[in-house]
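Data file: data.csv. Format and content: CSV, C-alpha atoms.
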```csv
chain,number,residue,atom,x,y,z
A,1174,MET,CA,101.7,84.1,112.5
A,1175,ALA,CA,104.5,81.7,112.6
A,1176,ASN,CA,106.2,80.5,109.5
A,1177,SER,CA,104.8,83.2,107.3
A,1178,ILE,CA,108.2,83.7,105.7
A,1179,ARG,CA,110.0,81.5,103.3
A,1180,ILE,CA,113.6,82.7,102.9
A,1181,ARG,CA,116.5,81.6,100.9
A,1182,ALA,CA,119.9,83.1,100.7
A,1183,LYS,CA,122.7,82.2,98.4
A,1184,ALA,CA,126.3,83.5,98.2
A,1185,SER,CA,128.5,83.7,95.2
A,1186,ALA,CA,131.7,85.7,94.9
A,1187,GLY,CA,131.1,87.4,98.2
A,1188,GLU,CA,127.7,88.7,97.3
A,1189,ALA,CA,124.6,87.2,98.8
A,1190,THR,CA,121.2,87.2,97.1
A,1191,VAL,CA,118.3,86.9,99.5
A,1192,LYS,CA,114.9,85.9,98.2
A,1193,ALA,CA,111.9,85.6,100.4
A,1194,LEU,CA,108.2,85.0,100.1
A,1195,ILE,CA,105.8,86.2,102.8
A,1196,THR,CA,102.3,84.9,103.3
A,1197,HIS,CA,100.2,88.0,103.8
A,1198,PRO,CA,96.8,89.2,102.5
A,1199,MET,CA,98.0,92.7,101.6
A,1200,GLU,CA,94.5,94.2,101.6
A,1201,THR,CA,94.5,97.7,100.3
A,1202,GLY,CA,91.4,98.8,102.2
A,1203,LEU,CA,89.7,99.7,98.9
A,1204,ARG,CA,88.3,96.3,98.0
A,1205,LYS,CA,84.8,95.4,98.9
A,1206,ASP,CA,83.4,92.2,100.1
A,1207,LYS,CA,81.3,90.9,97.2
A,1208,LYS,CA,78.5,89.4,99.3
A,1209,THR,CA,78.0,92.2,101.9
A,1210,GLY,CA,79.3,95.2,100.0
A,1211,ASP,CA,81.3,96.2,103.1
A,1212,LYS,CA,84.9,97.4,102.6
A,1213,ILE,CA,87.6,95.0,103.6
A,1214,PRO,CA,89.8,96.8,106.1
A,1215,ALA,CA,93.3,97.6,105.0
A,1216,HIS,CA,95.8,95.1,106.1
A,1217,TYR,CA,99.3,95.3,104.6
A,1218,ILE,CA,102.9,95.1,105.5
A,1219,THR,CA,104.5,98.4,106.1
A,1220,GLU,CA,108.1,97.5,106.8
A,1221,VAL,CA,110.4,94.6,106.0
A,1222,LYS,CA,113.8,94.4,107.5
A,1223,GLY,CA,116.7,92.3,106.3
A,1224,GLU,CA,119.7,91.7,108.5
A,1225,HIS,CA,123.0,90.1,107.9
A,1226,ASN,CA,124.7,88.7,111.0
A,1227,GLY,CA,122.6,91.1,113.1
A,1228,LYS,CA,123.4,94.2,111.0
A,1229,THR,CA,120.6,95.8,109.0
A,1230,VAL,CA,121.2,95.9,105.3
A,1231,VAL,CA,117.8,96.6,103.9
A,1232,VAL,CA,114.7,98.2,105.3
A,1233,ALA,CA,111.8,98.1,102.8
A,1234,GLN,CA,108.9,100.4,103.4
A,1235,TRP,CA,105.8,99.1,101.6
A,1236,GLY,CA,102.4,100.5,100.8
A,1237,PRO,CA,99.3,98.6,100.0
A,1238,ALA,CA,100.3,98.5,96.3
A,1239,VAL,CA,102.7,95.6,97.0
A,1240,SER,CA,101.1,92.3,95.8
A,1241,LYS,CA,99.4,89.7,98.0
A,1242,ASN,CA,101.8,87.2,99.4
A,1243,PRO,CA,104.7,89.5,98.7
A,1244,TYR,CA,108.1,88.6,97.2
A,1245,ILE,CA,111.2,90.4,98.1
A,1246,ALA,CA,114.7,90.1,96.9
A,1247,PHE,CA,117.8,92.0,97.6
A,1248,VAL,CA,121.6,91.6,97.3
A,1249,PHE,CA,124.4,92.6,99.6
A,1250,ALA,CA,128.2,92.3,99.7
A,1251,GLY,CA,130.5,90.9,102.2
A,1252,ALA,CA,128.7,87.6,102.7
A,1253,LYS,CA,130.0,84.1,103.0
A,1254,PRO,CA,128.2,80.7,103.3
A,1255,GLY,CA,127.1,80.0,106.8
A,1256,ASP,CA,126.3,83.6,107.7
A,1257,SER,CA,122.9,84.3,109.1
A,1258,VAL,CA,120.3,86.3,107.3
A,1259,LYS,CA,117.2,87.4,109.2
A,1260,LEU,CA,114.1,88.9,107.8
A,1261,SER,CA,111.3,90.4,109.7
A,1262,TRP,CA,108.1,92.3,108.8
A,1263,VAL,CA,105.6,94.5,110.6
A,1264,ASP,CA,102.1,95.3,109.2
A,1265,ASN,CA,99.7,98.1,109.7
A,1266,GLN,CA,97.7,96.1,112.3
A,1267,GLY,CA,100.8,95.7,114.4
A,1268,LYS,CA,101.4,92.0,113.6
A,1269,SER,CA,104.9,90.8,112.8
A,1270,ASP,CA,107.0,87.8,112.1
A,1271,THR,CA,110.7,86.9,111.8
A,1272,ALA,CA,112.6,84.2,110.0
A,1273,GLU,CA,116.2,83.4,109.9
A,1274,ALA,CA,118.3,81.4,107.4
A,1275,LYS,CA,121.8,80.5,106.8
A,1276,ILE,CA,123.5,81.6,103.6
A,1277,LYS,CA,124.3,78.7,101.3
B,843,MET,CA,103.2,116.2,156.8
B,844,GLN,CA,100.1,115.3,154.8
B,845,ARG,CA,101.1,117.8,152.2
B,846,ARG,CA,104.5,116.2,151.9
B,847,SER,CA,103.2,112.7,151.4
B,848,PHE,CA,100.7,114.1,148.8
B,849,LEU,CA,103.6,115.7,146.9
B,850,LYS,CA,105.6,112.5,147.1
B,851,GLY,CA,102.6,110.6,145.7
B,852,THR,CA,102.1,112.9,142.8
B,853,LEU,CA,105.9,112.9,142.0
B,854,ALA,CA,105.9,109.1,142.0
B,855,GLY,CA,102.8,109.0,139.9
B,856,GLY,CA,104.4,111.5,137.5
B,857,THR,CA,107.5,109.3,137.1
B,858,VAL,CA,105.3,106.3,136.3
B,859,ALA,CA,103.4,108.3,133.7
B,860,VAL,CA,106.6,109.4,132.1
B,861,ALA,CA,108.0,105.8,132.0
B,862,MET,CA,104.8,104.6,130.5
B,863,GLY,CA,104.9,107.4,127.9
B,864,ALA,CA,108.4,106.4,126.9
B,865,GLY,CA,107.3,102.8,126.7
B,866,LEU,CA,104.4,103.6,124.5
B,867,LEU,CA,106.5,105.8,122.4
B,868,SER,CA,109.1,103.3,121.3
B,869,PRO,CA,106.9,101.1,119.2
B,870,ARG,CA,105.3,104.2,117.7
B,871,GLN,CA,108.7,105.5,116.7
B,872,VAL,CA,109.2,102.4,114.6
B,873,LEU,CA,105.9,103.1,112.9
B,874,ALA,CA,106.7,106.8,112.5
B,875,ALA,CA,109.6,105.8,110.2
B,876,TRP,CA,107.0,104.7,107.7
B,877,PRO,CA,106.4,107.8,105.5
B,878,GLU,CA,102.7,107.9,105.5
B,879,SER,CA,102.4,111.1,103.5
B,880,ALA,CA,104.5,109.6,100.7
B,881,PHE,CA,102.3,106.5,100.5
B,882,THR,CA,99.0,108.3,100.6
B,883,ALA,CA,100.2,110.9,98.0
B,884,LYS,CA,98.1,111.0,94.9
B,885,SER,CA,100.7,112.1,92.5
B,886,VAL,CA,104.2,110.9,91.7
B,887,ASN,CA,105.8,114.3,92.6
B,888,ASP,CA,104.0,114.4,96.0
B,889,ALA,CA,105.1,110.8,96.7
B,890,MET,CA,108.7,111.7,95.9
B,891,GLY,CA,108.4,114.9,98.0
B,892,GLY,CA,107.0,113.0,100.9
B,893,LEU,CA,109.6,110.3,100.7
B,894,PHE,CA,112.8,112.3,99.9
B,895,GLY,CA,111.8,115.8,100.6
B,896,THR,CA,112.2,116.8,97.0
B,897,ALA,CA,110.8,115.8,93.6
B,898,ASP,CA,113.8,117.1,91.6
B,899,ASN,CA,115.2,114.2,89.7
B,900,THR,CA,117.4,113.4,86.8
B,901,PRO,CA,116.7,110.6,84.3
B,902,SER,CA,119.6,108.1,84.4
B,903,ASN,CA,120.6,105.3,82.2
B,904,LYS,CA,122.4,103.6,85.0
B,905,ILE,CA,119.1,102.3,86.3
B,906,GLN,CA,117.6,99.1,84.9
B,907,ILE,CA,114.0,98.2,85.5
B,908,LYS,CA,113.0,94.6,84.8
B,909,ALA,CA,109.2,94.3,84.4
B,910,PRO,CA,107.0,92.7,81.9
B,911,ASP,CA,106.0,94.7,78.7
B,912,ILE,CA,102.5,93.3,79.2
B,913,ALA,CA,101.2,92.2,82.6
B,914,GLU,CA,98.2,90.0,82.1
B,915,ASN,CA,97.3,90.3,85.8
B,916,GLY,CA,97.8,93.7,87.3
B,917,ALA,CA,97.6,92.3,90.8
B,918,VAL,CA,101.0,90.7,90.4
B,919,VAL,CA,103.5,92.6,88.4
B,920,PRO,CA,107.1,91.5,89.1
B,921,VAL,CA,109.4,94.5,89.2
B,922,SER,CA,113.1,94.4,89.8
B,923,VAL,CA,115.4,97.4,89.9
B,924,THR,CA,119.1,97.3,89.4
B,925,THR,CA,121.5,100.2,89.4
B,926,SER,CA,125.2,100.8,89.2
B,927,LEU,CA,124.8,104.0,91.1
B,928,ALA,CA,125.8,104.0,94.8
B,929,ALA,CA,122.2,103.9,95.9
B,930,THR,CA,121.1,104.6,99.4
B,931,SER,CA,117.4,104.0,98.6
B,932,ILE,CA,115.3,102.7,95.8
B,933,ALA,CA,111.7,103.5,95.4
B,934,ILE,CA,109.2,101.8,93.0
B,935,VAL,CA,106.4,103.9,91.8
B,936,ALA,CA,103.5,103.0,89.5
B,937,GLU,CA,102.6,106.3,87.9
B,938,LYS,CA,98.9,105.9,87.3
B,939,ASN,CA,98.0,104.1,90.5
B,940,GLY,CA,95.6,106.0,92.9
B,941,GLN,CA,98.5,106.0,95.3
B,942,PRO,CA,101.6,105.8,93.1
B,943,LEU,CA,104.2,104.9,95.6
B,944,ALA,CA,104.4,101.1,96.0
B,945,ALA,CA,107.6,100.4,97.8
B,946,ASN,CA,110.8,102.0,99.0
B,947,PHE,CA,113.9,100.1,99.9
B,948,GLU,CA,116.4,101.8,102.2
B,949,LEU,CA,119.8,100.3,101.6
B,950,SER,CA,122.5,100.5,104.2
B,951,GLY,CA,126.1,99.4,104.4
B,952,SER,CA,126.8,96.4,102.2
B,953,ALA,CA,123.5,96.3,100.3
B,954,LYS,CA,123.8,96.5,96.6
B,955,GLY,CA,121.5,98.5,94.3
B,956,ASP,CA,119.5,95.4,93.3
B,957,VAL,CA,116.0,94.8,94.7
B,958,ALA,CA,112.9,93.1,93.5
B,959,THR,CA,109.3,92.7,94.5
B,960,ARG,CA,105.9,92.3,93.0
B,961,ILE,CA,103.4,95.2,92.9
B,962,LYS,CA,99.8,95.8,92.0
B,963,MET,CA,98.9,98.1,89.1
B,964,GLY,CA,95.5,99.5,88.4
B,965,LYS,CA,96.0,100.2,84.8
B,966,THR,CA,98.6,100.5,82.0
B,967,SER,CA,101.2,103.0,83.1
B,968,ASP,CA,104.9,103.7,83.5
B,969,VAL,CA,106.7,102.0,86.4
B,970,ILE,CA,109.2,104.5,87.7
B,971,ALA,CA,112.3,103.6,89.7
B,972,VAL,CA,113.6,106.4,91.9
B,973,VAL,CA,117.1,105.9,93.1
B,974,LYS,CA,118.6,108.1,95.7
B,975,SER,CA,122.4,108.4,95.3
B,976,GLY,CA,124.7,110.9,96.9
B,977,GLY,CA,121.7,113.0,98.1
B,978,LYS,CA,120.3,113.3,94.5
B,979,LEU,CA,117.4,111.5,92.9
B,980,PHE,CA,117.7,109.6,89.7
B,981,THR,CA,114.9,108.0,87.8
B,982,ALA,CA,114.1,105.5,85.1
B,983,ARG,CA,110.8,104.5,83.6
B,984,LYS,CA,109.4,101.5,81.9
B,985,ASN,CA,105.9,101.2,80.4
B,986,VAL,CA,103.9,98.2,81.5
B,987,LYS,CA,100.6,97.3,79.8
B,988,VAL,CA,98.0,96.0,82.2
B,989,THR,CA,95.2,93.9,80.7
B,990,ILE,CA,93.4,93.2,84.0
B,991,GLY,CA,93.7,95.8,86.8
B,992,GLY,CA,94.9,94.7,90.1
B,993,CYS,CA,93.2,97.3,92.3
B,994,GLY,CA,89.7,96.8,93.5
B,995,GLY,CA,87.8,93.8,92.3
```
As structure tokens, how would this structure be written, given the file I've shared?
Amino acid sequence: MANSIRIRAKASAGEATVKALITHPMETGLRKDKKTGDKIPAHYITEVKGEHNGKTVVVAQWGPAVSKNPYIAFVFAGAKPGDSVKLSWVDNQGKSDTAEAKIK
Amino acid sequence: MQRRSFLKGTLAGGTVAVAMGAGLLSPRQVLAAWPESAFTAKSVNDAMGGLFGTADNTPSNKIQIKAPDIAENGAVVPVSVTTSLAATSIAIVAEKNGQPLAANFELSGSAKGDVATRIKMGKTSDVIAVVKSGGKLFTARKNVKVTIGGCGG
């Protein structure tokens, strides 16, 4: 699951706004396959972590009620252009991905 | 002599088992941080209790929820929560969803009380933002009308 994350971080007046889109089905486990009538197994992101220069700033715990292909945004202080921002996620099936970006 | 080597064997085996146990535990501990009881809770109070250990909360006007008044598609409802309180965590709850808790953001260090995501909503209901600040819970609500539900399908 490489490149499942699109991340952008922008600094202004020492505060960085990080916005990211993750490609993920976010299945609730309640939906049924229309053809077979079988339940589609739950598959959703449980944790997203945002790091600034290696220091964790945000840990988001998600349930299945977060939309498909989730969007996440957060703001933190003490940032300057060129700093690194890392975002990683883990889902309920143990899959994960990480992406890194430089603050603009 | 035989007994000694037998003992040695079991001891070594025991150490391996302990090491393996520790190795298996570390990824589980990461998962254990995910508050399952809060996410599977069927009511807002249970969700808050599971997440924060208490459902006692105070409505606050220092929390702003940005969400549409009418969401045409309940599968994608953009919600952003901003607060001037010194927040350590912000939870987003859709009151009438089968499992109301949608997301919880743990903020540490330099993070500001300003988060956004998109959630699914089954039907028209209040979106509740729960902000934990100084060990207390503060809430704000905003009603979102949903014309097409986002759960099931």
Give one line per residue of chain B that approaches chain A to at most 9 Å, naming the two atoms of the closest pair and their distance in Å to one decimal, counting all atoms listed in the file; sort by chain then ascending residue number and deliver it as a tab-separated table.
```
residue	atom	partner	partner_atom	distance
B:Leu873	CA	A:Thr1219	CA	8.4
B:Ala875	CA	A:Gln1234	CA	8.7
B:Trp876	CA	A:Gln1234	CA	6.4
B:Pro877	CA	A:Gln1234	CA	8.1
B:Glu878	CA	A:Gly1236	CA	8.8
B:Phe881	CA	A:Gly1236	CA	6.0
B:Thr882	CA	A:Gly1236	CA	8.5
B:Ala917	CA	A:Ser1240	CA	6.1
B:Val918	CA	A:Ser1240	CA	5.6
B:Val919	CA	A:Ser1240	CA	7.8
B:Pro920	CA	A:Tyr1244	CA	8.7
B:Ser922	CA	A:Ala1246	CA	8.5
B:Ala936	CA	A:Ala1238	CA	8.8
B:Asn939	CA	A:Ala1238	CA	8.4
B:Gln941	CA	A:Ala1238	CA	7.8
B:Pro942	CA	A:Ala1238	CA	8.1
B:Leu943	CA	A:Gly1236	CA	7.0
B:Ala944	CA	A:Ala1238	CA	4.9
B:Ala945	CA	A:Trp1235	CA	4.4
B:Asn946	CA	A:Gln1234	CA	5.1
B:Phe947	CA	A:Ala1233	CA	4.1
B:Glu948	CA	A:Val1232	CA	5.0
B:Leu949	CA	A:Val1231	CA	4.8
B:Ser950	CA	A:Val1230	CA	4.9
B:Gly951	CA	A:Val1230	CA	6.1
B:Ser952	CA	A:Ala1250	CA	5.0
B:Ala953	CA	A:Phe1249	CA	3.9
B:Lys954	CA	A:Phe1249	CA	5.0
B:Gly955	CA	A:Val1248	CA	7.5
B:Asp956	CA	A:Phe1247	CA	5.7
B:Val957	CA	A:Phe1247	CA	4.4
B:Ala958	CA	A:Ala1246	CA	4.9
B:Thr959	CA	A:Ile1245	CA	4.7
B:Arg960	CA	A:Ser1240	CA	5.6
B:Ile961	CA	A:Val1239	CA	4.2
B:Lys962	CA	A:Ala1238	CA	5.1
B:Met963	CA	A:Ala1238	CA	7.3
B:Gly992	CA	A:Ser1240	CA	8.8
B:Cys993	CA	A:Arg1204	CA	7.6
B:Gly994	CA	A:Arg1204	CA	4.7
B:Gly995	CA	A:Arg1204	CA	6.2
```
**Request:** Tell me which protein, DNA and RNA residues are within 8 Å of Thr966 of chain B, counting all atoms listed in the file, leaving out same-chain ones fewer than 5 positions away, and put them as JSON, numbers by chain.
**Result:** {"B": [938, 985, 986, 987, 988, 989]}
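Selecting by distance to (118.1, 111.9, 92.9) with a limit of 7 Å and using all atoms listed in the file, one obtains B:Asp898, B:Asn899, B:Thr900, B:Val973, B:Lys974, B:Ser975, B:Gly977, B:Lys978, B:Leu979, B:Phe980.
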Residues from the last selection, C-alpha atoms, saved as a short mmCIF file (atom, residue, chain, number, x, y, z; two decimals), in the frame of the given file:
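Produced file result00.cif, reproduced below:
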```cif
data_model
loop_
_atom_site.label_atom_id
_atom_site.label_comp_id
_atom_site.auth_asym_id
_atom_site.auth_seq_id
_atom_site.Cartn_x
_atom_site.Cartn_y
_atom_site.Cartn_z
CA ASP B 898 113.80 117.10 91.60
CA ASN B 899 115.20 114.20 89.70
CA THR B 900 117.40 113.40 86.80
CA VAL B 973 117.10 105.90 93.10
CA LYS B 974 118.60 108.10 95.70
CA SER B 975 122.40 108.40 95.30
CA GLY B 977 121.70 113.00 98.10
CA LYS B 978 120.30 113.30 94.50
CA LEU B 979 117.40 111.50 92.90
CA PHE B 980 117.70 109.60 89.70
#
```
**Request:** Quick one: everything within 9 Å of segment 1176-1180 of chain A, counting only C-alpha atoms, minus sequence neighbours fewer than 5 positions away in the same chain. Send it as a ChimeraX atom specification.
**Result:** /A:1191-1197,1258-1261,1270-1274
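We find atom CA of Ile932 of chain B and atom CA of Ala1184 of chain A to be spaced 22.3 Å apart.
For the set B:Ser967, B:Lys984, B:Val972, B:Val923, the residue with the smallest atom-to-atom gap to Phe894 of chain B is B:Val972, counting all atoms listed in the file.
Computed from the coordinates, the atom CA of His1216 of chain A to atom CA of Pro1198 of chain A distance equals 7.0 Å.
Residue nearest Ile1218 of chain A, chosen from A:Arg1181, A:Ala1186, A:Ser1269, A:Lys1253 and counting all atoms listed in the file: A:Ser1269.
Here the question is which of B:Ala889, B:Ala913, B:Leu927, B:Ile907 gets nearest to Val969 of chain B using only C-alpha atoms, and that residue is B:Ile907.
Of note, atom CA of Gly964 of chain B and atom CA of Ala982 of chain B are spaced 19.8 Å apart.
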